[in-house]
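structure.tsv follows (TSV, C-alpha atoms and all ligand atoms):
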chain	number	residue	atom	x	y	z
E	1	MET	CA	0.00	0.00	0.00
E	2	GLU	CA	2.67	2.42	1.08
E	3	LYS	CA	4.84	1.50	-1.89
E	4	LYS	CA	2.01	2.27	-4.28
E	5	GLU	CA	1.52	5.72	-2.77
E	6	LEU	CA	5.22	6.42	-3.12
E	7	GLU	CA	5.22	5.37	-6.75
E	8	GLN	CA	2.28	7.55	-7.68
E	9	GLY	CA	4.27	10.66	-6.83
E	10	THR	CA	6.98	9.80	-9.31
E	11	GLU	CA	7.36	11.44	-12.68
E	12	PRO	CA	8.30	8.87	-15.30
E	13	SER	CA	11.72	9.64	-16.76
E	14	VAL	CA	13.60	8.34	-19.81
E	15	ASP	CA	13.35	4.59	-19.39
E	16	ASP	CA	12.74	4.07	-15.73
E	17	ASP	CA	10.19	4.29	-13.00
E	18	TRP	CA	12.06	5.10	-9.82
E	19	ASN	CA	10.14	5.79	-6.64
E	20	PRO	CA	10.94	9.02	-4.74
E	21	VAL	CA	13.31	7.31	-2.31
E	22	GLU	CA	15.29	5.69	-5.11
E	23	ARG	CA	15.32	8.97	-6.96
E	24	VAL	CA	16.95	10.82	-4.04
E	25	ILE	CA	19.49	8.01	-3.67
E	26	LEU	CA	20.34	7.81	-7.37
E	27	GLU	CA	20.33	11.54	-8.09
E	28	ARG	CA	22.42	12.58	-5.09
E	29	ARG	CA	25.71	14.05	-6.23
E	30	SER	CA	28.44	15.60	-4.13
E	31	VAL	CA	28.14	19.38	-4.18
E	32	ARG	CA	31.27	21.56	-4.26
E	33	TYR	CA	29.77	24.99	-5.03
E	34	TYR	CA	27.40	26.61	-2.53
E	35	ARG	CA	25.28	29.73	-2.26
E	36	ASP	CA	26.01	32.13	0.61
E	37	ARG	CA	22.51	31.64	2.00
E	38	GLN	CA	22.54	29.86	5.35
E	39	VAL	CA	20.42	26.75	5.88
E	40	PRO	CA	17.66	27.41	8.45
E	41	GLU	CA	18.43	25.93	11.86
E	42	ASN	CA	15.24	23.87	11.99
E	43	LEU	CA	16.10	22.23	8.68
E	44	VAL	CA	19.57	21.26	9.85
E	45	ARG	CA	18.11	19.83	13.03
E	46	ARG	CA	15.53	17.94	11.00
E	47	ILE	CA	18.11	16.28	8.77
E	48	LEU	CA	20.24	15.39	11.81
E	49	GLU	CA	17.20	13.43	12.99
E	50	ALA	CA	17.60	11.20	9.93
E	51	GLY	CA	21.09	10.41	11.22
E	52	ARG	CA	19.84	9.64	14.70
E	53	PHE	CA	17.66	6.86	13.33
E	54	ALA	CA	20.36	5.13	11.28
E	55	PRO	CA	21.10	1.45	11.93
E	56	SER	CA	24.11	0.75	14.14
E	57	ALA	CA	25.88	-2.29	15.55
E	58	GLY	CA	24.15	-3.30	18.78
E	59	ASN	CA	22.11	-0.07	18.54
E	60	TYR	CA	25.13	1.54	20.18
E	61	GLN	CA	24.95	4.61	17.87
E	62	ALA	CA	28.68	5.21	17.92
E	63	TRP	CA	28.33	8.73	16.54
E	64	ARG	CA	28.02	12.32	17.65
E	65	CYS	CA	27.60	15.45	15.58
E	66	ILE	CA	29.14	18.89	15.85
E	67	VAL	CA	27.56	21.62	13.73
E	68	ILE	CA	29.69	24.61	12.72
E	69	ARG	CA	28.03	27.58	11.09
E	70	ASP	CA	30.52	30.40	11.66
E	71	ARG	CA	32.27	31.36	8.45
E	72	GLY	CA	35.41	32.36	10.33
E	73	MET	CA	35.61	29.04	12.13
E	74	ILE	CA	35.08	26.97	8.96
E	75	ASP	CA	37.70	29.06	7.14
E	76	ALA	CA	40.15	28.59	10.01
E	77	MET	CA	39.62	24.81	9.85
E	78	GLU	CA	40.17	24.88	6.10
E	79	LYS	CA	43.38	26.83	6.60
E	80	ASP	CA	44.66	24.27	9.08
E	81	VAL	CA	43.75	21.31	6.84
E	82	ARG	CA	45.79	23.03	4.12
E	83	MET	CA	48.63	23.58	6.56
E	84	MET	CA	48.71	19.85	7.32
E	85	CYS	CA	48.77	19.19	3.56
E	86	ARG	CA	51.70	21.57	3.17
E	87	MET	CA	53.57	19.57	5.79
E	88	LEU	CA	52.92	16.32	3.93
E	89	LYS	CA	53.61	17.68	0.46
E	90	PRO	CA	57.44	17.68	0.60
E	91	VAL	CA	57.37	13.92	1.07
E	92	LEU	CA	54.54	13.06	-1.31
E	93	ALA	CA	55.37	15.35	-4.22
E	94	TRP	CA	58.63	13.64	-4.98
E	95	GLU	CA	59.19	15.47	-8.28
E	96	THR	CA	59.58	18.78	-6.48
E	97	SER	CA	60.66	17.52	-3.06
E	98	PRO	CA	63.52	19.27	-1.29
E	99	LEU	CA	64.54	15.78	-0.17
E	100	GLY	CA	65.74	15.07	-3.72
E	101	PRO	CA	66.11	11.47	-4.98
E	102	VAL	CA	65.38	10.04	-1.51
E	103	ALA	CA	61.80	11.36	-1.69
E	104	LYS	CA	60.45	8.78	-4.14
E	105	PRO	CA	61.46	5.63	-2.24
E	106	VAL	CA	60.29	7.26	1.01
E	107	ALA	CA	56.92	8.12	-0.54
E	108	LYS	CA	56.50	4.61	-1.96
E	109	THR	CA	57.37	3.02	1.37
E	110	LEU	CA	54.84	5.22	3.14
E	111	THR	CA	52.20	4.25	0.56
E	112	TRP	CA	53.05	0.61	1.13
E	113	LEU	CA	52.56	1.09	4.87
E	114	LEU	CA	49.39	3.21	4.51
E	115	PRO	CA	47.80	1.82	1.34
E	116	ASN	CA	44.37	3.36	2.01
E	117	LYS	CA	45.41	6.78	3.24
E	118	LEU	CA	47.91	7.16	0.41
E	119	HIS	CA	45.87	5.60	-2.35
E	120	HIS	CA	46.39	7.41	-5.66
E	121	GLU	CA	43.37	9.68	-5.14
E	122	PRO	CA	44.07	11.22	-1.68
E	123	TYR	CA	47.76	11.11	-2.56
E	124	GLY	CA	47.15	13.51	-5.41
E	125	ALA	CA	44.65	15.63	-3.52
E	126	ILE	CA	46.96	16.41	-0.57
E	127	PRO	CA	49.56	18.43	-2.55
E	128	ALA	CA	46.76	20.03	-4.59
E	129	MET	CA	45.03	21.11	-1.36
E	130	ALA	CA	48.35	22.38	-0.03
E	131	ASP	CA	48.60	24.65	-3.09
E	132	GLY	CA	44.98	25.78	-2.74
E	133	LYS	CA	44.00	24.08	-6.02
E	134	VAL	CA	41.48	21.70	-4.49
E	135	GLY	CA	38.75	22.85	-2.10
E	136	VAL	CA	38.29	21.47	1.40
E	137	PHE	CA	34.84	22.64	2.61
E	138	HIS	CA	33.93	24.25	-0.72
E	139	GLY	CA	32.51	27.42	0.86
E	140	ALA	CA	29.57	25.60	2.47
E	141	PRO	CA	27.79	27.71	5.13
E	142	THR	CA	27.25	24.73	7.45
E	143	LEU	CA	29.70	21.99	8.36
E	144	ILE	CA	28.63	18.85	10.19
E	145	LEU	CA	31.45	16.97	11.88
E	146	LEU	CA	30.76	13.32	12.56
E	147	LEU	CA	32.62	12.10	15.61
E	148	LYS	CA	33.26	8.48	16.38
E	149	ASP	CA	32.77	6.97	19.80
E	150	LYS	CA	35.93	4.88	19.89
E	151	ARG	CA	34.27	2.31	22.17
E	152	GLY	CA	31.62	1.41	19.58
E	153	PRO	CA	31.03	-2.32	19.15
E	154	GLY	CA	32.37	-3.99	16.03
E	155	LYS	CA	33.24	-1.46	13.36
E	156	PRO	CA	32.09	1.98	14.52
E	157	GLU	CA	33.17	3.59	11.20
E	158	VAL	CA	30.40	1.64	9.52
E	159	ASP	CA	27.88	3.15	11.97
E	160	ILE	CA	29.21	6.61	11.11
E	161	GLY	CA	28.78	5.82	7.42
E	162	CYS	CA	25.15	4.80	7.95
E	163	CYS	CA	24.42	7.87	10.08
E	164	GLY	CA	26.12	10.26	7.67
E	165	GLU	CA	24.47	8.85	4.59
E	166	ASN	CA	21.04	9.16	6.22
E	167	ILE	CA	21.85	12.82	6.90
E	168	VAL	CA	23.06	13.36	3.35
E	169	LEU	CA	20.05	11.73	1.72
E	170	ALA	CA	17.60	13.61	3.94
E	171	ALA	CA	19.39	16.85	3.01
E	172	HIS	CA	19.14	16.16	-0.72
E	173	SER	CA	15.46	15.30	-0.38
E	174	HIS	CA	15.03	18.91	0.82
E	175	GLY	CA	16.93	20.36	-2.14
E	176	LEU	CA	20.11	20.90	-0.13
E	177	GLY	CA	23.57	19.96	-1.33
E	178	THR	CA	26.18	18.00	0.62
E	179	CYS	CA	29.72	16.80	0.26
E	180	TRP	CA	31.52	14.34	2.49
E	181	VAL	CA	34.88	15.70	3.54
E	182	GLY	CA	37.17	12.89	4.60
E	183	PHE	CA	40.15	15.22	4.86
E	184	VAL	CA	38.90	16.67	8.18
E	185	GLU	CA	40.71	13.70	9.64
E	186	LEU	CA	43.89	15.72	9.20
E	187	LEU	CA	42.69	17.72	12.22
E	188	ARG	CA	41.90	14.63	14.32
E	189	GLN	CA	45.04	14.81	16.46
E	190	ASN	CA	45.36	18.60	16.32
E	191	PRO	CA	45.35	19.79	19.97
E	192	ILE	CA	44.16	23.30	19.07
E	193	TRP	CA	41.04	22.03	17.32
E	194	LYS	CA	40.39	19.33	19.91
E	195	LYS	CA	40.34	22.07	22.54
E	196	ARG	CA	38.39	24.59	20.48
E	197	LEU	CA	35.72	22.04	19.55
E	198	GLY	CA	35.75	20.40	22.97
E	199	ILE	CA	36.48	16.95	21.60
E	200	GLU	CA	37.74	14.48	24.14
E	201	TYR	CA	37.81	10.77	24.83
E	202	PRO	CA	35.83	8.70	23.83
E	203	TYR	CA	35.19	10.87	20.82
E	204	GLU	CA	37.38	11.67	17.85
E	205	ILE	CA	36.79	13.36	14.48
E	206	CYS	CA	35.82	10.80	11.87
E	207	GLU	CA	34.20	12.53	8.89
E	208	GLY	CA	32.84	15.88	7.80
E	209	ILE	CA	29.77	16.79	5.77
E	210	ALA	CA	29.59	20.16	4.01
E	211	LEU	CA	26.00	21.37	3.77
E	212	GLY	CA	24.27	24.23	1.97
E	213	TYR	CA	22.18	25.35	-0.97
E	214	PRO	CA	23.86	24.43	-4.24
E	215	VAL	CA	24.69	26.74	-7.13
E	216	GLY	CA	23.19	25.29	-10.32
E	217	LYS	CA	21.54	21.87	-10.35
E	218	PRO	CA	24.25	19.43	-9.35
E	219	ASP	CA	21.97	16.47	-8.63
E	220	GLY	CA	21.22	13.97	-11.38
E	221	MET	CA	21.77	10.39	-12.42
E	222	VAL	CA	25.12	9.52	-13.96
E	223	PRO	CA	26.87	6.40	-15.22
E	224	ARG	CA	29.05	4.54	-12.72
E	225	GLU	CA	31.11	1.33	-12.85
E	226	ILE	CA	29.29	-1.95	-12.74
E	227	HIS	CA	30.42	-4.19	-9.91
E	228	HIS	CA	30.19	-7.89	-10.60
E	229	VAL	CA	27.76	-9.71	-8.33
E	230	LYS	CA	28.19	-13.38	-7.54
E	231	TRP	CA	24.81	-15.06	-7.29
E	232	PHE	CA	24.32	-18.53	-5.78
E	233	GLU	CA	20.98	-20.19	-6.39
E	234	ASN	CA	19.66	-23.71	-7.15
E	235	GLY	CA	23.10	-25.18	-6.59
E	236	THR	CA	24.72	-23.04	-9.29
E	237	MET	CA	26.72	-19.85	-9.34
E	238	LYS	CA	26.50	-17.04	-11.84
E	239	VAL	CA	28.27	-13.68	-12.06
E	240	LEU	CA	25.94	-10.79	-12.78
E	241	THR	CA	27.25	-7.70	-14.54
J	1	MET	CA	42.71	-18.32	-10.36
J	2	ALA	CA	43.34	-15.65	-7.79
J	3	LEU	CA	42.07	-12.18	-8.55
J	4	MET	CA	45.47	-10.76	-7.65
J	5	SER	CA	48.85	-12.45	-7.48
J	6	PHE	CA	51.11	-12.11	-4.45
J	7	GLY	CA	53.48	-9.98	-6.53
J	8	GLU	CA	50.67	-7.61	-7.48
J	9	LYS	CA	49.52	-7.27	-3.90
J	10	MET	CA	52.97	-6.36	-2.66
J	11	ARG	CA	53.86	-3.80	-5.31
J	12	ILE	CA	52.75	-0.15	-5.22
J	13	PRO	CA	52.35	1.34	-8.70
J	14	SER	CA	54.44	4.40	-9.54
J	15	TYR	CA	51.97	7.24	-9.59
J	16	ASP	CA	54.06	9.16	-12.12
J	17	ASN	CA	54.07	6.29	-14.59
J	18	SER	CA	51.11	6.37	-16.99
J	19	GLU	CA	51.64	2.64	-17.65
J	20	HIS	CA	50.90	1.99	-13.98
J	21	CYS	CA	48.04	4.45	-13.60
J	22	LYS	CA	45.51	4.61	-16.38
J	23	MET	CA	43.24	7.48	-15.43
J	24	ALA	CA	39.61	7.94	-16.30
J	25	ARG	CA	38.89	9.83	-19.49
J	26	VAL	CA	36.49	12.73	-19.67
J	27	SER	CA	35.21	13.90	-23.02
J	28	ILE	CA	34.14	17.49	-23.73
J	29	ASP	CA	31.89	18.55	-26.60
J	30	HIS	CA	33.16	22.05	-27.35
J	31	GLU	CA	30.22	22.72	-29.70
J	32	LYS	CA	27.76	22.33	-26.84
J	33	CYS	CA	29.83	23.86	-24.02
J	34	ASN	CA	28.96	27.49	-23.27
J	35	CYS	CA	31.81	27.94	-20.77
J	36	CYS	CA	29.46	28.49	-17.80
J	37	GLY	CA	32.09	27.05	-15.45
J	38	LEU	CA	29.78	24.96	-13.27
J	39	CYS	CA	31.68	21.74	-13.95
J	40	VAL	CA	34.96	23.46	-13.03
J	41	LYS	CA	33.52	24.05	-9.56
J	42	ALA	CA	31.97	20.59	-9.29
J	43	CYS	CA	35.06	18.58	-10.18
J	44	LEU	CA	36.50	16.82	-7.12
J	45	PRO	CA	40.17	16.88	-8.20
J	46	SER	CA	39.76	20.31	-9.87
J	47	ILE	CA	41.22	19.20	-13.18
J	48	LEU	CA	38.92	21.27	-15.40
J	49	TYR	CA	39.96	24.80	-16.35
J	50	PHE	CA	39.51	27.39	-19.08
J	51	GLU	CA	42.14	28.27	-21.60
J	52	GLY	CA	42.14	31.34	-23.84
J	53	LYS	CA	40.07	34.49	-23.78
J	54	GLY	CA	36.82	35.75	-25.31
J	55	LYS	CA	35.65	33.68	-28.26
J	56	ASP	CA	38.61	31.34	-27.94
J	57	ARG	CA	37.84	30.44	-24.32
J	58	LYS	CA	37.82	26.68	-24.14
J	59	LEU	CA	37.25	24.16	-21.37
J	60	GLN	CA	40.33	21.99	-20.90
J	61	VAL	CA	41.44	19.04	-18.80
J	62	ASN	CA	44.63	19.43	-16.78
J	63	ARG	CA	46.91	16.52	-17.61
J	64	ASN	CA	49.62	17.44	-15.14
J	65	ARG	CA	50.10	15.46	-12.01
J	66	PRO	CA	49.09	17.61	-9.02
J	67	THR	CA	52.24	16.52	-7.21
J	68	GLY	CA	54.56	18.06	-9.75
J	69	GLY	CA	55.20	19.21	-13.25
J	70	CYS	CA	55.35	15.91	-15.08
J	71	GLU	CA	52.92	15.25	-17.93
J	72	THR	CA	50.96	12.03	-17.79
J	73	GLY	CA	50.87	11.81	-21.57
J	74	ASP	CA	47.74	10.37	-23.03
J	75	VAL	CA	45.81	10.06	-19.80
J	76	ASN	CA	43.50	12.62	-18.23
J	77	CYS	CA	45.19	12.91	-14.91
J	78	TYR	CA	43.25	12.38	-11.72
J	79	CYS	CA	39.78	12.21	-13.24
J	80	VAL	CA	37.91	9.77	-10.98
J	81	ALA	CA	34.96	9.25	-13.36
J	82	CYS	CA	32.55	10.55	-10.75
J	83	ASN	CA	30.57	12.30	-13.49
J	84	ASP	CA	29.70	15.18	-11.16
J	85	CYS	CA	30.61	17.38	-14.15
J	86	MET	CA	28.05	15.60	-16.30
J	87	ALA	CA	25.35	15.90	-13.61
J	88	ILE	CA	25.75	19.67	-13.22
J	89	CYS	CA	26.20	20.49	-16.95
J	90	GLU	CA	22.98	21.83	-18.40
J	91	GLN	CA	24.29	21.64	-21.97
J	92	GLY	CA	25.09	17.91	-22.00
J	93	ALA	CA	28.60	18.89	-23.01
J	94	ILE	CA	30.79	16.81	-20.71
J	95	LYS	CA	30.96	13.21	-19.63
J	96	ALA	CA	33.45	10.73	-18.22
J	97	VAL	CA	33.68	7.93	-20.75
J	98	SER	CA	35.92	5.45	-18.98
J	99	SER	CA	37.07	4.86	-15.43
J	100	ALA	CA	40.50	4.67	-13.85
J	101	ASP	CA	42.60	1.56	-13.56
J	102	TYR	CA	45.90	0.92	-11.89
J	103	LYS	CA	48.49	-1.78	-11.96
J	104	TYR	CA	49.59	-3.91	-8.99
J	105	ARG	CA	48.16	-3.08	-5.53
J	106	TYR	CA	45.28	-0.96	-6.81
J	107	LYS	CA	44.27	-3.07	-9.83
J	108	GLN	CA	40.52	-3.00	-10.49
J	109	VAL	CA	38.95	-6.40	-10.03
J	110	MET	CA	35.40	-7.68	-10.58
J	111	ARG	CA	34.29	-4.39	-12.13
J	112	GLY	CA	32.85	-3.42	-15.47
J	113	GLU	CA	32.12	-0.41	-17.64
J	114	LEU	CA	30.27	2.74	-16.61
J	115	ALA	CA	26.50	2.31	-16.78
J	116	MET	CA	23.43	4.36	-15.82
J	117	PRO	CA	21.16	3.10	-12.99
J	118	ARG	CA	19.09	0.14	-14.12
J	119	THR	CA	15.63	-1.03	-13.05
J	120	PHE	CA	15.75	-4.56	-14.54
J	121	ASN	CA	12.02	-4.18	-15.13
J	122	SER	CA	11.99	-5.64	-18.58
X	301	LIG	C1	33.92	8.90	3.31
X	301	LIG	C2	33.95	9.88	2.17
X	301	LIG	C3	34.88	10.91	2.16
X	301	LIG	C4	34.91	11.86	1.14
X	301	LIG	N1	35.80	12.89	1.18
X	301	LIG	C5	35.75	13.86	0.24
X	301	LIG	C6	36.59	15.01	0.33
X	301	LIG	O1	37.39	15.14	1.25
X	301	LIG	N2	36.47	15.98	-0.61
X	301	LIG	C7	35.57	15.87	-1.64
X	301	LIG	O2	35.50	16.79	-2.46
X	301	LIG	N3	34.76	14.78	-1.76
X	301	LIG	C8	34.82	13.80	-0.84
X	301	LIG	N4	33.97	12.72	-0.92
X	301	LIG	C9	32.99	12.66	-2.00
X	301	LIG	C10	33.41	11.70	-3.09
X	301	LIG	O3	34.43	12.26	-3.85
X	301	LIG	C11	32.19	11.39	-3.97
X	301	LIG	O4	31.21	10.78	-3.17
X	301	LIG	C12	32.51	10.47	-5.12
X	301	LIG	O5	33.40	11.11	-6.02
X	301	LIG	C13	31.24	10.06	-5.86
X	301	LIG	O6	30.56	11.19	-6.37
X	301	LIG	P1	29.06	11.54	-5.92
X	301	LIG	O7	29.06	11.70	-4.44
X	301	LIG	O8	28.72	12.79	-6.66
X	301	LIG	O9	28.18	10.40	-6.34
X	301	LIG	C14	33.97	11.75	0.07
X	301	LIG	C15	33.04	10.71	0.08
X	301	LIG	C16	33.03	9.78	1.10
X	301	LIG	C17	31.99	8.70	1.11
X	302	LIG	S1	29.07	22.79	-17.14
X	302	LIG	FE1	28.84	22.18	-19.30
X	302	LIG	S2	28.50	24.10	-20.39
X	302	LIG	FE2	29.32	24.65	-18.36
X	302	LIG	S3	31.55	24.82	-18.70
X	302	LIG	FE3	31.14	22.71	-18.03
X	302	LIG	S4	30.88	21.54	-19.94
X	302	LIG	FE4	30.72	23.70	-20.48
X	303	LIG	S1	34.23	12.87	-14.03
X	303	LIG	FE1	34.56	13.83	-12.01
X	303	LIG	S2	36.80	13.92	-11.82
X	303	LIG	FE2	36.38	13.56	-13.99
X	303	LIG	S3	36.33	15.60	-14.90
X	303	LIG	FE3	34.21	15.09	-14.35
X	303	LIG	S4	33.92	15.97	-12.30
X	303	LIG	FE4	36.14	15.90	-12.69
What does this structure look like when you write it as structure tokens?
Ligand SMILES: Cc1cc2nc3c(=O)[nH]c(=O)nc-3n(C[C@H](O)[C@H](O)[C@H](O)COP(=O)(O)O)c2cc1C
Ligand code: SF4
Ligand code: SF4
Amino acid sequence: MEKKELEQGTEPSVDDDWNPVERVILERRSVRYYRDRQVPENLVRRILEAGRFAPSAGNYQAWRCIVIRDRGMIDAMEKDVRMMCRMLKPVLAWETSPLGPVAKPVAKTLTWLLPNKLHHEPYGAIPAMADGKVGVFHGAPTLILLLKDKRGPGKPEVDIGCCGENIVLAAHSHGLGTCWVGFVELLRQNPIWKKRLGIEYPYEICEGIALGYPVGKPDGMVPREIHHVKWFENGTMKVLT
Amino acid sequence: MALMSFGEKMRIPSYDNSEHCKMARVSIDHEKCNCCGLCVKACLPSILYFEGKGKDRKLQVNRNRPTGGCETGDVNCYCVACNDCMAICEQGAIKAVSSADYKYRYKQVMRGELAMPRTFNS
């Protein structure tokens, strides 16, 4: 019954009949260009509610949110993320490193030790952020910091992912734009920001979500890679593409 | 057969070697593009930029590695095939046409081509 109601509200598009929930999920795109207009407080609080009701291991809800809406404070955080990037750049950007020929083997060893943190994509973004070529919070008027309760059962990062994605999807359903900002983790151990934001054990910065009204219409469906799915049924296995 | 050999797992590709890092390709239709600049703002690695002035202004893809001056040759450096440029473009002028692939540790496995969302209704 409920499904039918949902489907009635959907405009048919090219060759599909997505319901409104699927539409928000499929059309959500990361937004990196925001209007100056602030998001009303009640709307931010409403979308945080979506996060509060996310699934979590053992219903432990290993998350906490900090909302930052002062331009000066967001800019100061951005500046310090860039400062961290500038400290990392001399090692990572081996072509221009003051360390000379030693830089490349050092950088490759570090990548070998930290294969996720120094995957090709963040690896390239860090020097680009150091030089101010890549945005950090993209001028968003509101920043939501997702903190992790380090005592969370199982894999608390997964809880944070569920909570954050609920927040993001609720935001897009209201015409807001969002962008996850993983690079806030560069401030995780920073004593100045821990003090200023009042972050102490058992909490630590895990992820950031930039939030605001987008410039243009960034949401829309796009092509993405197909991931092969193994399917076991009736004693056989097939790979779906 | 294993998806990745032990040798592949243990070796980090050289990020400045275009043989090791085949980046995603983004294609621009200059006839349709009106140089509004929205995609430039949307692009995660900020690889889109304008070259030239006035009538000759043209959207371009930066092929330099962000970590230094070296050219990556034939590959469109650091495009991640997110297609955020395509989503924001109102002229239908830009689109990522293939995704990134790496050698060794970061080799893509069990993945296919880019495809739009599918309903499997028919
Ligand atoms: C955990 C996480 C961290 C991310 N960190 C950043 C970031 O620091 N900066 C950024 O511009 N985008 C960031 N993103 C957004 C991704 O780049 C984006 O989701 C991806 O390119 C897919 O594009 P889409 O969100 O438009 O579908 C992050 C996404 C996730 C899930
Ligand atoms: S968004 Fe489209 S029209 Fe605007 S500059 Fe980019 S490709 Fe050109
Ligand atoms: S697909 Fe993504 S990374 Fe590539 S040019 Fe477009 S916005 Fe930039």
Check: which chain J residues lie within 7 Å of chain E using all atoms listed in the file, as a list in words
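Listed by rising number, the hits are Ile12, Tyr15, Lys41, Ala42, Pro45, Ser46, Pro66, Thr67, Gly68, Asn83, Asp84, Ala87, Ile88, Met110, Arg111, Gly112, Glu113, Leu114, Ala115, Met116, Pro117 and Thr119 of chain J.
In this model, the gap between CA of Pro141 (chain E) and CA of Asn42 (chain E) comes to 14.8 Å.
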note - CA of His30 (chain J) and CA of Ile94 (chain J) are separated by 8.8 Å
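Distance annotation: of J:Arg25, J:Lys58, J:Arg11, J:Arg63, the residue with the minimal separation from ligand LIG 303 (chain X) is J:Arg25; atom set is all atoms listed in the file.
Once all atoms listed in the file are used for the distance check, the residues close to ligand LIG 301 (chain X) at 6 Å turn out to be Arg29, Ser30, Cys179, Trp180, Val181, Gly182 and Phe183 of chain E; Leu44, Cys82 and Asp84 of chain J.
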Can you tell me, as a VMD selection string, what residues are no more than 6 Å from region 95-108 of chain J when counting only C-alpha atoms, ignoring any on the same chain fewer than 2 positions away?
chain J and resid 8 to 9 11 to 13 20 to 27 81 83 86
Let me make sure I understand: among J:Cys36, J:Tyr49, J:Met4, J:Asn17, which one has the smallest atom-to-atom distance to ligand LIG 303 (chain X) if we use all atoms listed in the file?
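Comparing J:Cys36, J:Tyr49, J:Met4, J:Asn17 against ligand LIG 303 (chain X), the winner is J:Tyr49.
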Have a look at atom FE2 of ligand LIG 302 (chain X) and CA of Ala170 (chain E) and let me know their distance in Å, one decimal.
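Here the two named atoms are 27.5 Å from each other.
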Write out as a ChimeraX atom specification each polymer residue (protein, DNA or RNA) that has an atom no more than 7 Å from ligand LIG 302 (chain X), with only C-alpha atoms and all ligand atoms counted.
/J:28,32-40,59,85,88-94
Distance criterion (only C-alpha atoms): nearest to Leu48 (chain J) out of J:Asn121, J:Glu31, J:Tyr78, J:Glu19
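That would be J:Tyr78, the residue with the smallest distance to Leu48 (chain J).
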Residues within 12 Å of His174 (chain E), all atoms listed in the file, excluding chain neighbours under 3 positions, as a PDB file with C-alpha atoms, keeping the file's coordinate frame:
ATOM      1  CA  VAL E  24      16.950  10.820  -4.040  1.00  0.00           C
ATOM      2  CA  ARG E  28      22.420  12.580  -5.090  1.00  0.00           C
ATOM      3  CA  VAL E  39      20.420  26.750   5.880  1.00  0.00           C
ATOM      4  CA  PRO E  40      17.660  27.410   8.450  1.00  0.00           C
ATOM      5  CA  LEU E  43      16.100  22.230   8.680  1.00  0.00           C
ATOM      6  CA  VAL E  44      19.570  21.260   9.850  1.00  0.00           C
ATOM      7  CA  ARG E  46      15.530  17.940  11.000  1.00  0.00           C
ATOM      8  CA  ILE E  47      18.110  16.280   8.770  1.00  0.00           C
ATOM      9  CA  ILE E 167      21.850  12.820   6.900  1.00  0.00           C
ATOM     10  CA  VAL E 168      23.060  13.360   3.350  1.00  0.00           C
ATOM     11  CA  LEU E 169      20.050  11.730   1.720  1.00  0.00           C
ATOM     12  CA  ALA E 170      17.600  13.610   3.940  1.00  0.00           C
ATOM     13  CA  ALA E 171      19.390  16.850   3.010  1.00  0.00           C
ATOM     14  CA  GLY E 177      23.570  19.960  -1.330  1.00  0.00           C
ATOM     15  CA  THR E 178      26.180  18.000   0.620  1.00  0.00           C
ATOM     16  CA  LEU E 211      26.000  21.370   3.770  1.00  0.00           C
ATOM     17  CA  GLY E 212      24.270  24.230   1.970  1.00  0.00           C
ATOM     18  CA  TYR E 213      22.180  25.350  -0.970  1.00  0.00           C
ATOM     19  CA  PRO E 214      23.860  24.430  -4.240  1.00  0.00           C
ATOM     20  CA  ASP E 219      21.970  16.470  -8.630  1.00  0.00           C
TER      21      ASP E 219
END
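With only C-alpha atoms as the atoms that count, the minimum distance from Ile160 (chain E) to the choices E:Ile66, E:Ile192, E:Ala130, E:Cys206 is reached by E:Cys206.
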Option closest in space to ligand LIG 303 (chain X), from J:Ser122, J:Ser5, J:Ser14, J:Gln60 [counting only C-alpha atoms and all ligand atoms]:
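The shortest atom-to-atom distance to ligand LIG 303 (chain X) comes from J:Gln60.
Comparing the minimum interatomic distances between ligand LIG 303 (chain X) and each of J:Met1, J:Met10, J:Val61, J:Val109, counting all atoms listed in the file, we find that J:Val61 sits nearest.
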Hey, could you pull the box centre and edge lengths for ligand LIG 303 (chain X), axis-aligned, 5 Å padding per side, all listed atoms, to one decimal in Å, as lines of an AutoDock Vina configuration file?
center_x = 35.4
center_y = 14.4
center_z = -13.4
size_x = 12.9
size_y = 13.1
size_z = 13.1
Applying 8 Å and all atoms listed in the file, which residues near Val81 (chain E) remain after dropping the ones on its own chain fewer than 4 positions away? List them as a list in words.
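Close residues of Val81 (chain E): Met77, Cys85, Val136, Phe183, Val184, Leu186 and Leu187 of chain E.
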